[in-house]
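Enquirer: Take a look at this one; I'll ask things after.
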Amino acid sequence: MTLAADPVLPPPSDEAAAHSREVAEHIATAILDAGGWIPFDRYLELALYAPGLGYYAAGSRKFGPEGDFVTAPEISPMFARCLAMQAKQVLDATGGDILELGPGSGVLAADLFAELKALGAPARNYFLLEVSPDLRQRQHALLAERHPQDLGRFTWIDSLPVQFRGVVLANEVLDVVPFSLVRRGGGELTERGVILSEAGFAWEDQPLPDGELRRRAAAAFPPGDYEYLSEVGLAAEGLVRTLSRALECGVALFIDYGFPEREFYHPQRSMGTMRCHYRHRFHGDPFFMPGLQDITAHVDFSAMARAAEQGGAEVEGFTTQAHFLISCGLAVLVSEAEPEMTLSRLKATSAVHRLIDPSEMGELFKVLAIGKGLGEPLLGLRSARPLTL
Ligand SMILES: C[S@@+](CC[C@H](N)C(=O)[O-])C[C@H]1O[C@@H](n2cnc3c(N)ncnc32)[C@H](O)[C@@H]1O
């Protein structure tokens with residue numbers, strides 16, 4: 001996602017504000033039902049995914065200039081073309097299918113499918129795992145428009161397959177899987193949750209019992225007694241672990257903003273990485289207009305890599321988005337697509353620049369590739385600078 005930091009948030013329409021009040025009431029009921037406190041990951045589940053209400057489960061625009069954020073496949077079709085080059089290598093080697101997690105507007109599926117066809121290697125099956133009914137409908141409409149003859153090759157699924165062969169793609173999915181907030185203060189670890197106050201939702205920390213969350217925070221937080229607050233993404237790890245178990249032969253690519261553990265839990269990042277996205281601004285208040293804004297955290301890629309290994313997959317590599325795309329042949333694809341230096345080429349090049357510029361998506365966004373049984377280096381990693389997990 002690329003956005004500007006801006007504390008002045010534009011007011012919602014009357015209709016949107018009414019929707020947000022409904023979401024807030026739904027969350028308030030859940031807090032009362034739970035005895036007055038819910039952990040923050042539960043708040044996220046409700047604010048983002050409550051059926052018909054949550055940010056991803058209801059009809060707000062989300063993607064593109066009129067939405068809240070722009071993702072790489074929306075910025076330039078070159079992103080999908082590079083992934084198609086990578087997918088082709090894996091499909092040729094495995095004879096498998098494509099599975100995309102969280103396909104958003106469906107534009108990556110549409111562009112990638114078109115590119116594989118143009119390369120003479122059409123995808124046999126393109127599975128889409130989308131938790132949002134609203135986004136499923138949008139994906140279906142776009143794919144029906146872009147690929148009417150091939151619509152039968154696209155299949156929406158409700159949960160991860162038990163066995164899968166081929167390529168799995170997850171662009172900006174792990175960052176929106178609900179995460180917990182753990183705080184260290186006065187030598188104690190507590191779990192941050194949400195209560196109701198006179199002024200609306202408010203924070204409250206509760207003792208963190210023994211268990212995985214406590215163990216993980218204790219191991220990952222930097223040493224010291226100073227105040228520290230951060231996220232732990234156990235659900236995202238679970239998703240990666242389950243997927244790794246299901247992967248018979250092939251590769252899964254997780255593309256997202258984030259860091260290896262030593263940078264994620266850096267002493268200077270003592271307030272965590274949570275960010276809320278609303279109309280191309282980002283800010284730090286998850287209680288602002290629930291249901292109208294995205295709430296995300298950066299990805300701890302070391303934890304995801306460990307989860308993949310626990311699921312029996314190997315880490316094929318970890319690099320920046322810029323290096324991955326360039327290694328897939330980005331520069332050649334751009335010059336082939338727009339050989340003349342025209343206005344169209346300039347526009348295309350500036351969009352591509354956003355994907356690889358270190359000050360935009362190039363460095364903060366990383367690619368974690370996990371796999372099983374491929375037996376050859378991935379195209380996107382061959383000339384990429386490897387990063388340490
Ligand atoms: C930030 S959007 C990214 C969309 C798209 N991949 C892109 O790059 O434009 C996150 C997407 O992940 C979906 N999602 C969230 N949790 C998911 C899960 N557990 N499994 C599958 N999709 C999920 C959301 O509904 C949404 O489509």
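Residues in the structure tokens are numbered from 1 in each chain, the chains being A, B, ... in the order shown, and ligands are numbered from 1 in the order shown.
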So that I can check the surroundings of A:Arg183, please list as a short mmCIF file (atom, residue, chain, number, x, y, z; two decimals) with C-alpha atoms, in the first residue's frame every protein, DNA and RNA residue that reaches within 6 Å of it, counting only C-alpha atoms and ignoring chain neighbours fewer than 6 positions away.

Expert:
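The result, stored in selection-v5.cif:
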data_model
loop_
_atom_site.label_atom_id
_atom_site.label_comp_id
_atom_site.auth_asym_id
_atom_site.auth_seq_id
_atom_site.Cartn_x
_atom_site.Cartn_y
_atom_site.Cartn_z
CA LEU A 189 3.72 -8.74 29.98
CA THR A 190 0.06 -7.90 29.39
CA TYR A 228 7.40 -1.86 24.73
CA LEU A 229 4.27 -2.58 22.71
#

Enquirer: Pull the strand (DSSP E) assignments for stretch 37-210 of chain A out of DSSP run on the backbone, and list those residues as an MDAnalysis selection string.

Expert: chainID A and resid 38:39 97:101 126:129 154:157 164:171 180:185 188:197 200:207

Enquirer: Contacts of stretch 276-286 of chain A at 12 Å or less, counting only C-alpha atoms, minus same-chain residues fewer than 3 places along, as a PyMOL selection string?

Expert: chain A and resi 1-12+24+40-41+43-44+46-48+55+60-71+175-176+193-194+201-203+271-273+289-298

Enquirer: Which protein, DNA or RNA residues have an atom within 8 Å of ligand 1, counting only C-alpha atoms and all ligand atoms, as a PyMOL selection string?

Expert: chain A and resi 1+49+56-57+63+70-74+100-108+129-132+135+159+170-177+236+239+294

Enquirer: For A:Asp300, which residue out of A:Ser230, A:Ser327, A:Gln206, A:Gln86 is the nearest one, using only C-alpha atoms?

Expert: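 Ranked by minimum distance to A:Asp300, first place goes to A:Ser230.
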
Enquirer: Could you check the closest approach to A:Ser20 for each of A:Pro178, A:Phe288, A:Gly250, A:Gly200 and tell me which residue wins, using only C-alpha atoms?

Expert: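 That would be A:Phe288, the residue with the smallest distance to A:Ser20.
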
Enquirer: Skipping near chain neighbours, those fewer than 4 positions away, what residues fall within 12 Å of A:Pro358 using only C-alpha atoms, listed as JSON, numbers by chain?

Expert: {"A": [320, 321, 322, 323, 353, 354, 362, 363, 364, 365, 366]}

Enquirer: How many Å separate atom CA of A:Phe221 from atom CA of A:Glu204?

Expert: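 For atom CA of A:Phe221 relative to atom CA of A:Glu204, the distance reads 20.2 Å.
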
Enquirer: Determine the nearest neighbour of A:Asp150 from the options A:Gly185, A:Gly317, A:Gly59, A:Pro122, counting only C-alpha atoms.

Expert: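 Answer, going by the shortest atom-to-atom distance: A:Pro122.
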
Enquirer: Mind checking DSSP for stretch 238-319 of chain A and telling me the helix (DSSP H, G or I) residues as a PyMOL selection string?

Expert: chain A and resi 238-246+261-264+301-310

Enquirer: Could you take the residues named above and write them with C-alpha atoms, as a compact mmCIF listing (two decimals), in the first residue's frame?

Expert:
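Heads up, here's the output in selection_12.txt:
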# COMPACT_ATOMS: atom_id res chain seq x y z
CA GLY A 238 -1.24 -20.57 11.39
CA LEU A 239 -2.29 -19.77 7.84
CA VAL A 240 1.29 -20.16 6.56
CA ARG A 241 1.74 -23.42 8.52
CA THR A 242 -1.49 -24.93 7.20
CA LEU A 243 -0.67 -23.90 3.66
CA SER A 244 2.81 -25.39 3.94
CA ARG A 245 1.33 -28.70 5.06
CA ALA A 246 -1.03 -28.65 2.09
CA GLU A 261 12.27 -10.48 13.45
CA ARG A 262 15.35 -8.52 14.60
CA GLU A 263 14.06 -5.43 12.78
CA PHE A 264 10.39 -6.01 13.54
CA PHE A 301 8.78 -12.64 8.09
CA SER A 302 11.05 -14.69 10.37
CA ALA A 303 7.96 -15.97 12.20
CA MET A 304 6.30 -16.78 8.86
CA ALA A 305 9.41 -18.64 7.68
CA ARG A 306 9.46 -20.72 10.90
CA ALA A 307 5.77 -21.50 10.47
CA ALA A 308 6.44 -22.67 6.90
CA GLU A 309 9.20 -24.97 8.12
CA GLN A 310 6.96 -26.35 10.86

Enquirer: Using only C-alpha atoms, determine which residues lie at most 8 Å from stretch 368-382 of chain A, disregarding the query and same-chain residues fewer than 3 positions distant; provide the list as a PyMOL selection string.

Expert: chain A and resi 85-86+89-90+93-94+244+247-255+301+305+308+313-319+323-328+385-386
